[in-house]
Every structure is written in C-alpha cells, then in structure tokens.
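Engineer: Pasting input08.txt below, which is compact mmCIF, N, CA and C atoms.
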```
# COMPACT_ATOMS: atom_id res chain seq x y z
N GLN A 2 -137.13 17.16 80.37
CA GLN A 2 -136.10 16.70 81.29
C GLN A 2 -135.61 17.90 82.11
N VAL A 3 -135.84 17.83 83.41
CA VAL A 3 -135.41 18.91 84.28
C VAL A 3 -133.89 18.84 84.48
N GLN A 4 -133.26 19.99 84.42
CA GLN A 4 -131.84 20.09 84.73
C GLN A 4 -131.68 21.06 85.89
N LEU A 5 -130.79 20.71 86.80
CA LEU A 5 -130.54 21.53 87.98
C LEU A 5 -129.09 22.01 87.95
N VAL A 6 -128.90 23.28 88.21
CA VAL A 6 -127.55 23.85 88.22
C VAL A 6 -127.35 24.59 89.54
N GLU A 7 -126.37 24.13 90.31
CA GLU A 7 -126.06 24.79 91.58
C GLU A 7 -125.00 25.86 91.37
N SER A 8 -125.04 26.86 92.23
CA SER A 8 -124.02 27.90 92.23
C SER A 8 -123.92 28.48 93.63
N GLY A 9 -122.85 29.23 93.87
CA GLY A 9 -122.71 29.92 95.14
C GLY A 9 -121.72 29.31 96.10
N GLY A 10 -121.16 28.17 95.74
CA GLY A 10 -120.16 27.55 96.61
C GLY A 10 -118.86 28.34 96.60
N GLY A 11 -117.96 27.94 97.49
CA GLY A 11 -116.67 28.62 97.55
C GLY A 11 -115.95 28.34 98.84
N LEU A 12 -114.93 29.14 99.08
CA LEU A 12 -114.11 29.02 100.29
C LEU A 12 -114.49 30.14 101.24
N VAL A 13 -114.75 29.78 102.50
CA VAL A 13 -115.15 30.77 103.50
C VAL A 13 -114.52 30.38 104.83
N GLN A 14 -114.27 31.37 105.65
CA GLN A 14 -113.73 31.10 106.99
C GLN A 14 -114.85 30.65 107.92
N ALA A 15 -114.47 29.91 108.93
CA ALA A 15 -115.44 29.48 109.94
C ALA A 15 -116.16 30.69 110.51
N GLY A 16 -117.46 30.55 110.68
CA GLY A 16 -118.28 31.65 111.15
C GLY A 16 -118.90 32.47 110.04
N GLY A 17 -118.44 32.24 108.83
CA GLY A 17 -118.94 33.00 107.69
C GLY A 17 -120.23 32.43 107.12
N SER A 18 -120.66 33.02 106.02
CA SER A 18 -121.92 32.64 105.39
C SER A 18 -121.75 32.45 103.89
N LEU A 19 -122.59 31.62 103.35
CA LEU A 19 -122.70 31.43 101.91
C LEU A 19 -124.16 31.20 101.57
N ARG A 20 -124.52 31.55 100.35
CA ARG A 20 -125.87 31.28 99.86
C ARG A 20 -125.76 30.47 98.59
N LEU A 21 -126.29 29.27 98.62
CA LEU A 21 -126.30 28.42 97.44
C LEU A 21 -127.60 28.60 96.69
N SER A 22 -127.51 28.52 95.37
CA SER A 22 -128.69 28.60 94.52
C SER A 22 -128.78 27.33 93.67
N CYS A 23 -130.00 26.93 93.39
CA CYS A 23 -130.25 25.78 92.51
C CYS A 23 -131.30 26.22 91.49
N ALA A 24 -130.83 26.45 90.27
CA ALA A 24 -131.72 26.90 89.21
C ALA A 24 -132.16 25.71 88.36
N ALA A 25 -133.46 25.57 88.19
CA ALA A 25 -134.00 24.48 87.39
C ALA A 25 -134.39 24.99 86.01
N SER A 26 -134.15 24.15 85.01
CA SER A 26 -134.55 24.46 83.64
C SER A 26 -135.07 23.21 82.98
N GLY A 27 -135.76 23.39 81.85
CA GLY A 27 -136.29 22.25 81.13
C GLY A 27 -137.64 21.80 81.62
N GLY A 28 -138.17 22.49 82.61
CA GLY A 28 -139.47 22.13 83.16
C GLY A 28 -139.67 22.81 84.50
N THR A 29 -140.91 22.91 84.91
CA THR A 29 -141.19 23.53 86.21
C THR A 29 -140.96 22.55 87.35
N VAL A 30 -140.46 23.10 88.47
CA VAL A 30 -140.29 22.29 89.67
C VAL A 30 -141.22 22.79 90.77
N ARG A 31 -142.23 23.57 90.39
CA ARG A 31 -143.08 24.20 91.41
C ARG A 31 -143.83 23.20 92.26
N PHE A 32 -144.06 22.01 91.73
CA PHE A 32 -144.79 21.01 92.50
C PHE A 32 -143.87 19.99 93.16
N ASN A 33 -142.57 20.13 92.90
CA ASN A 33 -141.60 19.17 93.41
C ASN A 33 -141.13 19.54 94.80
N THR A 34 -140.70 18.54 95.54
CA THR A 34 -139.93 18.78 96.76
C THR A 34 -138.48 19.04 96.35
N MET A 35 -137.93 20.10 96.87
CA MET A 35 -136.55 20.46 96.57
C MET A 35 -135.69 20.18 97.80
N GLY A 36 -134.51 19.67 97.55
CA GLY A 36 -133.65 19.34 98.67
C GLY A 36 -132.20 19.69 98.40
N TRP A 37 -131.47 19.84 99.48
CA TRP A 37 -130.02 20.02 99.42
C TRP A 37 -129.38 18.85 100.18
N TYR A 38 -128.44 18.22 99.54
CA TYR A 38 -127.66 17.14 100.13
C TYR A 38 -126.20 17.56 100.11
N ARG A 39 -125.40 16.87 100.90
CA ARG A 39 -123.96 17.13 100.87
C ARG A 39 -123.20 15.83 101.06
N GLN A 40 -121.99 15.83 100.52
CA GLN A 40 -121.10 14.68 100.68
C GLN A 40 -119.73 15.20 101.02
N GLY A 41 -119.33 14.96 102.27
CA GLY A 41 -118.01 15.37 102.73
C GLY A 41 -116.96 14.33 102.37
N PRO A 42 -115.70 14.67 102.51
CA PRO A 42 -114.62 13.75 102.19
C PRO A 42 -114.75 12.44 102.99
N GLY A 43 -114.81 11.34 102.29
CA GLY A 43 -114.88 10.04 102.94
C GLY A 43 -116.21 9.74 103.61
N LYS A 44 -117.22 10.54 103.29
CA LYS A 44 -118.52 10.35 103.93
C LYS A 44 -119.59 10.02 102.90
N GLN A 45 -120.70 9.51 103.38
CA GLN A 45 -121.84 9.26 102.51
C GLN A 45 -122.62 10.56 102.28
N ARG A 46 -123.33 10.59 101.19
CA ARG A 46 -124.18 11.75 100.91
C ARG A 46 -125.30 11.77 101.94
N GLU A 47 -125.59 12.97 102.46
CA GLU A 47 -126.62 13.10 103.49
C GLU A 47 -127.54 14.27 103.17
N LEU A 48 -128.76 14.14 103.64
CA LEU A 48 -129.73 15.22 103.47
C LEU A 48 -129.38 16.37 104.41
N VAL A 49 -129.37 17.57 103.87
CA VAL A 49 -129.13 18.77 104.67
C VAL A 49 -130.45 19.45 104.98
N ALA A 50 -131.26 19.67 103.95
CA ALA A 50 -132.53 20.36 104.13
C ALA A 50 -133.42 20.07 102.94
N ALA A 51 -134.73 20.17 103.16
CA ALA A 51 -135.69 19.96 102.08
C ALA A 51 -136.88 20.88 102.29
N ILE A 52 -137.54 21.19 101.19
CA ILE A 52 -138.73 22.04 101.25
C ILE A 52 -139.76 21.50 100.26
N THR A 53 -140.98 21.33 100.72
CA THR A 53 -142.04 20.82 99.86
C THR A 53 -142.63 21.94 99.02
N SER A 54 -143.51 21.56 98.11
CA SER A 54 -144.17 22.57 97.29
C SER A 54 -145.04 23.49 98.13
N GLY A 55 -145.48 23.01 99.28
CA GLY A 55 -146.30 23.83 100.17
C GLY A 55 -145.49 24.66 101.15
N GLY A 56 -144.17 24.50 101.11
CA GLY A 56 -143.32 25.32 101.96
C GLY A 56 -142.90 24.66 103.27
N THR A 57 -143.29 23.43 103.49
CA THR A 57 -142.86 22.72 104.69
C THR A 57 -141.38 22.37 104.57
N THR A 58 -140.64 22.64 105.64
CA THR A 58 -139.20 22.41 105.61
C THR A 58 -138.78 21.39 106.66
N ASN A 59 -137.67 20.74 106.38
CA ASN A 59 -137.03 19.92 107.41
C ASN A 59 -135.53 20.01 107.23
N TYR A 60 -134.83 19.84 108.33
CA TYR A 60 -133.38 20.05 108.36
C TYR A 60 -132.69 18.92 109.11
N ALA A 61 -131.46 18.67 108.71
CA ALA A 61 -130.61 17.79 109.50
C ALA A 61 -130.33 18.47 110.84
N ASP A 62 -130.22 17.69 111.89
CA ASP A 62 -129.98 18.26 113.21
C ASP A 62 -128.71 19.11 113.23
N SER A 63 -127.73 18.71 112.45
CA SER A 63 -126.43 19.38 112.48
C SER A 63 -126.48 20.80 111.91
N VAL A 64 -127.55 21.13 111.18
CA VAL A 64 -127.61 22.46 110.56
C VAL A 64 -128.78 23.30 111.06
N LYS A 65 -129.61 22.73 111.91
CA LYS A 65 -130.77 23.47 112.42
C LYS A 65 -130.32 24.74 113.13
N GLY A 66 -131.00 25.83 112.82
CA GLY A 66 -130.66 27.11 113.41
C GLY A 66 -129.56 27.86 112.68
N ARG A 67 -128.88 27.19 111.75
CA ARG A 67 -127.80 27.84 111.00
C ARG A 67 -128.12 27.95 109.51
N PHE A 68 -128.80 26.96 108.96
CA PHE A 68 -129.12 26.93 107.54
C PHE A 68 -130.61 27.18 107.33
N THR A 69 -130.94 27.80 106.21
CA THR A 69 -132.33 28.04 105.85
C THR A 69 -132.53 27.70 104.39
N ILE A 70 -133.50 26.83 104.13
CA ILE A 70 -133.84 26.50 102.75
C ILE A 70 -135.05 27.31 102.34
N SER A 71 -135.07 27.74 101.10
CA SER A 71 -136.20 28.51 100.59
C SER A 71 -136.32 28.24 99.10
N ARG A 72 -137.40 28.72 98.52
CA ARG A 72 -137.59 28.56 97.09
C ARG A 72 -138.33 29.77 96.54
N GLU A 73 -138.07 30.05 95.29
CA GLU A 73 -138.72 31.14 94.60
C GLU A 73 -139.39 30.55 93.36
N ILE A 74 -140.70 30.36 93.46
CA ILE A 74 -141.44 29.67 92.40
C ILE A 74 -141.27 30.36 91.05
N ALA A 75 -141.38 31.68 91.05
CA ALA A 75 -141.33 32.44 89.79
C ALA A 75 -140.00 32.24 89.07
N LYS A 76 -138.94 31.98 89.83
CA LYS A 76 -137.62 31.82 89.23
C LYS A 76 -137.23 30.35 89.10
N ASN A 77 -138.15 29.45 89.51
CA ASN A 77 -137.84 28.01 89.40
C ASN A 77 -136.52 27.68 90.11
N THR A 78 -136.33 28.29 91.25
CA THR A 78 -135.04 28.23 91.94
C THR A 78 -135.23 27.94 93.42
N ALA A 79 -134.31 27.17 93.97
CA ALA A 79 -134.25 26.93 95.40
C ALA A 79 -132.93 27.48 95.94
N TYR A 80 -132.93 27.79 97.23
CA TYR A 80 -131.76 28.39 97.84
C TYR A 80 -131.43 27.67 99.15
N LEU A 81 -130.18 27.80 99.53
CA LEU A 81 -129.76 27.35 100.85
C LEU A 81 -128.87 28.44 101.45
N GLN A 82 -129.40 29.15 102.43
CA GLN A 82 -128.63 30.15 103.14
C GLN A 82 -127.91 29.46 104.28
N MET A 83 -126.60 29.57 104.29
CA MET A 83 -125.79 28.90 105.29
C MET A 83 -125.05 29.94 106.12
N ASN A 84 -125.36 29.97 107.39
CA ASN A 84 -124.73 30.91 108.31
C ASN A 84 -123.92 30.16 109.36
N THR A 85 -123.05 30.90 110.02
CA THR A 85 -122.21 30.32 111.09
C THR A 85 -121.59 29.01 110.63
N LEU A 86 -120.96 29.05 109.49
CA LEU A 86 -120.38 27.84 108.91
C LEU A 86 -119.25 27.30 109.76
N LYS A 87 -119.14 25.99 109.76
CA LYS A 87 -118.12 25.28 110.52
C LYS A 87 -117.26 24.45 109.57
N PRO A 88 -116.04 24.13 109.95
CA PRO A 88 -115.21 23.29 109.08
C PRO A 88 -115.88 21.97 108.72
N GLU A 89 -116.68 21.44 109.61
CA GLU A 89 -117.36 20.17 109.31
C GLU A 89 -118.47 20.31 108.28
N ASP A 90 -118.79 21.52 107.88
CA ASP A 90 -119.75 21.74 106.80
C ASP A 90 -119.09 21.60 105.43
N THR A 91 -117.78 21.45 105.42
CA THR A 91 -117.06 21.29 104.15
C THR A 91 -117.56 20.05 103.41
N ALA A 92 -117.98 20.24 102.18
CA ALA A 92 -118.55 19.14 101.40
C ALA A 92 -118.89 19.65 100.01
N VAL A 93 -119.22 18.71 99.15
CA VAL A 93 -119.87 19.06 97.89
C VAL A 93 -121.37 19.06 98.16
N TYR A 94 -122.01 20.14 97.81
CA TYR A 94 -123.44 20.29 98.05
C TYR A 94 -124.20 20.07 96.75
N TYR A 95 -125.20 19.21 96.83
CA TYR A 95 -125.99 18.83 95.66
C TYR A 95 -127.44 19.27 95.83
N CYS A 96 -128.00 19.77 94.76
CA CYS A 96 -129.43 20.08 94.72
C CYS A 96 -130.18 18.86 94.20
N ASN A 97 -131.37 18.69 94.70
CA ASN A 97 -132.19 17.52 94.38
C ASN A 97 -133.63 17.96 94.22
N SER A 98 -134.31 17.35 93.26
CA SER A 98 -135.71 17.69 93.03
C SER A 98 -136.48 16.40 92.82
N VAL A 99 -137.59 16.25 93.53
CA VAL A 99 -138.38 15.02 93.45
C VAL A 99 -139.80 15.36 93.04
N THR A 100 -140.27 14.71 91.97
CA THR A 100 -141.61 14.98 91.48
C THR A 100 -142.65 14.34 92.39
N PRO A 101 -143.81 14.95 92.48
CA PRO A 101 -144.88 14.33 93.29
C PRO A 101 -145.43 13.10 92.58
N PHE A 102 -145.95 12.15 93.31
CA PHE A 102 -146.61 10.94 92.82
C PHE A 102 -145.65 9.94 92.18
N THR A 103 -144.90 10.36 91.16
CA THR A 103 -143.98 9.43 90.49
C THR A 103 -142.64 9.34 91.19
N ASN A 104 -142.34 10.33 92.05
CA ASN A 104 -141.07 10.36 92.78
C ASN A 104 -139.86 10.23 91.88
N ARG A 105 -139.91 10.85 90.73
CA ARG A 105 -138.73 10.89 89.87
C ARG A 105 -137.75 11.88 90.48
N VAL A 106 -136.48 11.51 90.47
CA VAL A 106 -135.46 12.30 91.16
C VAL A 106 -134.49 12.92 90.15
N TYR A 107 -134.22 14.16 90.33
CA TYR A 107 -133.23 14.88 89.53
C TYR A 107 -132.14 15.39 90.46
N TRP A 108 -130.91 15.40 89.94
CA TRP A 108 -129.76 15.87 90.71
C TRP A 108 -128.99 16.92 89.93
N GLY A 109 -128.43 17.87 90.65
CA GLY A 109 -127.49 18.79 90.05
C GLY A 109 -126.09 18.20 90.08
N GLN A 110 -125.13 18.96 89.55
CA GLN A 110 -123.77 18.45 89.44
C GLN A 110 -122.96 18.69 90.71
N GLY A 111 -123.45 19.53 91.58
CA GLY A 111 -122.79 19.79 92.86
C GLY A 111 -121.95 21.05 92.84
N THR A 112 -121.80 21.64 94.01
CA THR A 112 -120.94 22.81 94.17
C THR A 112 -120.13 22.64 95.46
N GLN A 113 -118.85 22.95 95.38
CA GLN A 113 -117.96 22.72 96.52
C GLN A 113 -118.07 23.85 97.53
N VAL A 114 -118.21 23.47 98.78
CA VAL A 114 -118.16 24.43 99.89
C VAL A 114 -117.01 24.01 100.79
N THR A 115 -116.09 24.92 101.02
CA THR A 115 -114.96 24.64 101.89
C THR A 115 -114.92 25.69 102.99
N VAL A 116 -114.91 25.22 104.23
CA VAL A 116 -114.88 26.11 105.38
C VAL A 116 -113.55 25.93 106.10
N SER A 117 -112.78 26.99 106.15
CA SER A 117 -111.46 26.92 106.80
C SER A 117 -111.57 27.33 108.26
N SER A 118 -110.72 26.73 109.07
CA SER A 118 -110.76 27.02 110.52
C SER A 118 -109.85 28.17 110.88
```
Would you write out, as structure tokens, the structure that this file holds?
Structural biologist:
Amino acid sequence: QVQLVESGGGLVQAGGSLRLSCAASGGTVRFNTMGWYRQGPGKQRELVAAITSGGTTNYADSVKGRFTISREIAKNTAYLQMNTLKPEDTAVYYCNSVTPFTNRVYWGQGTQVTVSS
C-alpha cells in the first residue's frame, strides 16, 4: 500500500516561492503518474500539474510559467516548485499517484499553502 506524505507548505508573501515535496513509501511509484492538485476555500479540487513516468508534464493554465513539477526516482519523491505566487494560489495542495494499467489512485493528506497580498 503506497502512502504519500506532502511537505513544504506554509505562509508566503505574494511574489514569493515555495517548494512542495511528496514522498512515497510502502512501494515504488517510479512507473506511476504523479500529480499535484489543490483545493481552495469554497472551490473544487483541481489539477495543478502532473508528470508521467517518462517525464511528460502538463500544467493548469493558471500556473504555466510559474510552477514546475519534477520527480526524483531514486528518492521515490515528486516535487512542485512554485514561483511568483499569487493570493489566488492559496489552497490545500494534495499529492496524487496513479498506477499504470490499473489506474489505482493514491492521495496524500495535503499541505496548506497560504499566499498573503
């Protein structure tokens, strides 16, 4: 059973940066697609960025050019580098991992990101 633990959230001023980490344990995620989702106050959870096992990435339009998703296979970890943060980026950020073929989905517990204006 894969477990995902996010870290790196916090309070930052607009224009600042944060780096989120998602560490997987209990199994390898090297073949999984890893994703970051967020849920802002009163909003639905939305995809922020995803990266396949082959390194292909996709981003929500709202974060393109500001956020970068990456993964480190050896550490079983995915990252989300967030630059030029805006107050509208305030949300709980969740890590997600999807297995190939069976599409089993794992979620982390979330980490709060708050951007002050």
Engineer: Here's a test: counting only N, CA and C atoms, identify every protein, DNA and RNA residue with an atom at most 8 Å from (-131.3, 16.9, 93.3) in the file's coordinate frame, and state them as JSON, numbers by chain.
Structural biologist: {"A": [5, 35, 36, 37, 38, 95, 96, 97, 98, 99, 106, 107, 108, 109, 110]}
Engineer: Near Gln40 of chain A, within 6 Å and counting all atoms listed in the file, which residues show up once chain neighbours fewer than 6 positions away are dropped, as a list in words?
Structural biologist: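 Neighbouring residues, sequence-local ones excluded: Arg46, Glu47, Thr91, Ala92, Val93, Tyr94 and Tyr95 of chain A.
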Engineer: Selection from above, N, CA and C atoms, as a JSON list (two decimals), in the coordinates of the input, can you write it?
Structural biologist:
```
[["chain", "number", "residue", "atom", "x", "y", "z"],
["A", 46, "ARG", "N", -123.33, 10.59, 101.19],
["A", 46, "ARG", "CA", -124.18, 11.75, 100.91],
["A", 46, "ARG", "C", -125.30, 11.77, 101.94],
["A", 47, "GLU", "N", -125.59, 12.97, 102.46],
["A", 47, "GLU", "CA", -126.62, 13.10, 103.49],
["A", 47, "GLU", "C", -127.54, 14.27, 103.17],
["A", 91, "THR", "N", -117.78, 21.45, 105.42],
["A", 91, "THR", "CA", -117.06, 21.29, 104.15],
["A", 91, "THR", "C", -117.56, 20.05, 103.41],
["A", 92, "ALA", "N", -117.98, 20.24, 102.18],
["A", 92, "ALA", "CA", -118.55, 19.14, 101.40],
["A", 92, "ALA", "C", -118.89, 19.65, 100.01],
["A", 93, "VAL", "N", -119.22, 18.71, 99.15],
["A", 93, "VAL", "CA", -119.87, 19.06, 97.89],
["A", 93, "VAL", "C", -121.37, 19.06, 98.16],
["A", 94, "TYR", "N", -122.01, 20.14, 97.81],
["A", 94, "TYR", "CA", -123.44, 20.29, 98.05],
["A", 94, "TYR", "C", -124.20, 20.07, 96.75],
["A", 95, "TYR", "N", -125.20, 19.21, 96.83],
["A", 95, "TYR", "CA", -125.99, 18.83, 95.66],
["A", 95, "TYR", "C", -127.44, 19.27, 95.83]]
```
Engineer: Could you tell me how far atom CA of Ala61 of chain A sits from atom CA of Gln45 of chain A, in Å to one decimal place?
Structural biologist: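 Atom-to-atom, atom CA of Gln45 of chain A to atom CA of Ala61 of chain A, that is 14.1 Å.
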Engineer: What's the 8 Å shell around Ala15 of chain A, counting only N, CA and C atoms, without same-chain residues fewer than 6 positions away, as a PyMOL selection string?
Structural biologist: chain A and resi 84-88+115-118
Engineer: Calculated over only N, CA and C atoms, which of the candidates A:Leu81, A:Ala50, A:Thr100, A:Leu12 has the smallest distance to Val30 of chain A?
Structural biologist: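 Checking each of A:Leu81, A:Ala50, A:Thr100, A:Leu12 against Val30 of chain A, counting only N, CA and C atoms, the winner is A:Thr100.
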Engineer: Tell me which protein, DNA and RNA residues are within 8 Å of Pro101 of chain A, counting only C-alpha atoms, leaving out same-chain ones fewer than 5 positions away, and put them as a compact mmCIF listing (two decimals) with N, CA and C atoms, in the frame of the given file.
Structural biologist:
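Okay, out.txt is ready:
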```txt
# COMPACT_ATOMS: atom_id res chain seq x y z
N PHE A 32 -144.06 22.01 91.73
CA PHE A 32 -144.79 21.01 92.50
C PHE A 32 -143.87 19.99 93.16
N ASN A 33 -142.57 20.13 92.90
CA ASN A 33 -141.60 19.17 93.41
C ASN A 33 -141.13 19.54 94.80
N THR A 34 -140.70 18.54 95.54
CA THR A 34 -139.93 18.78 96.76
C THR A 34 -138.48 19.04 96.35
```
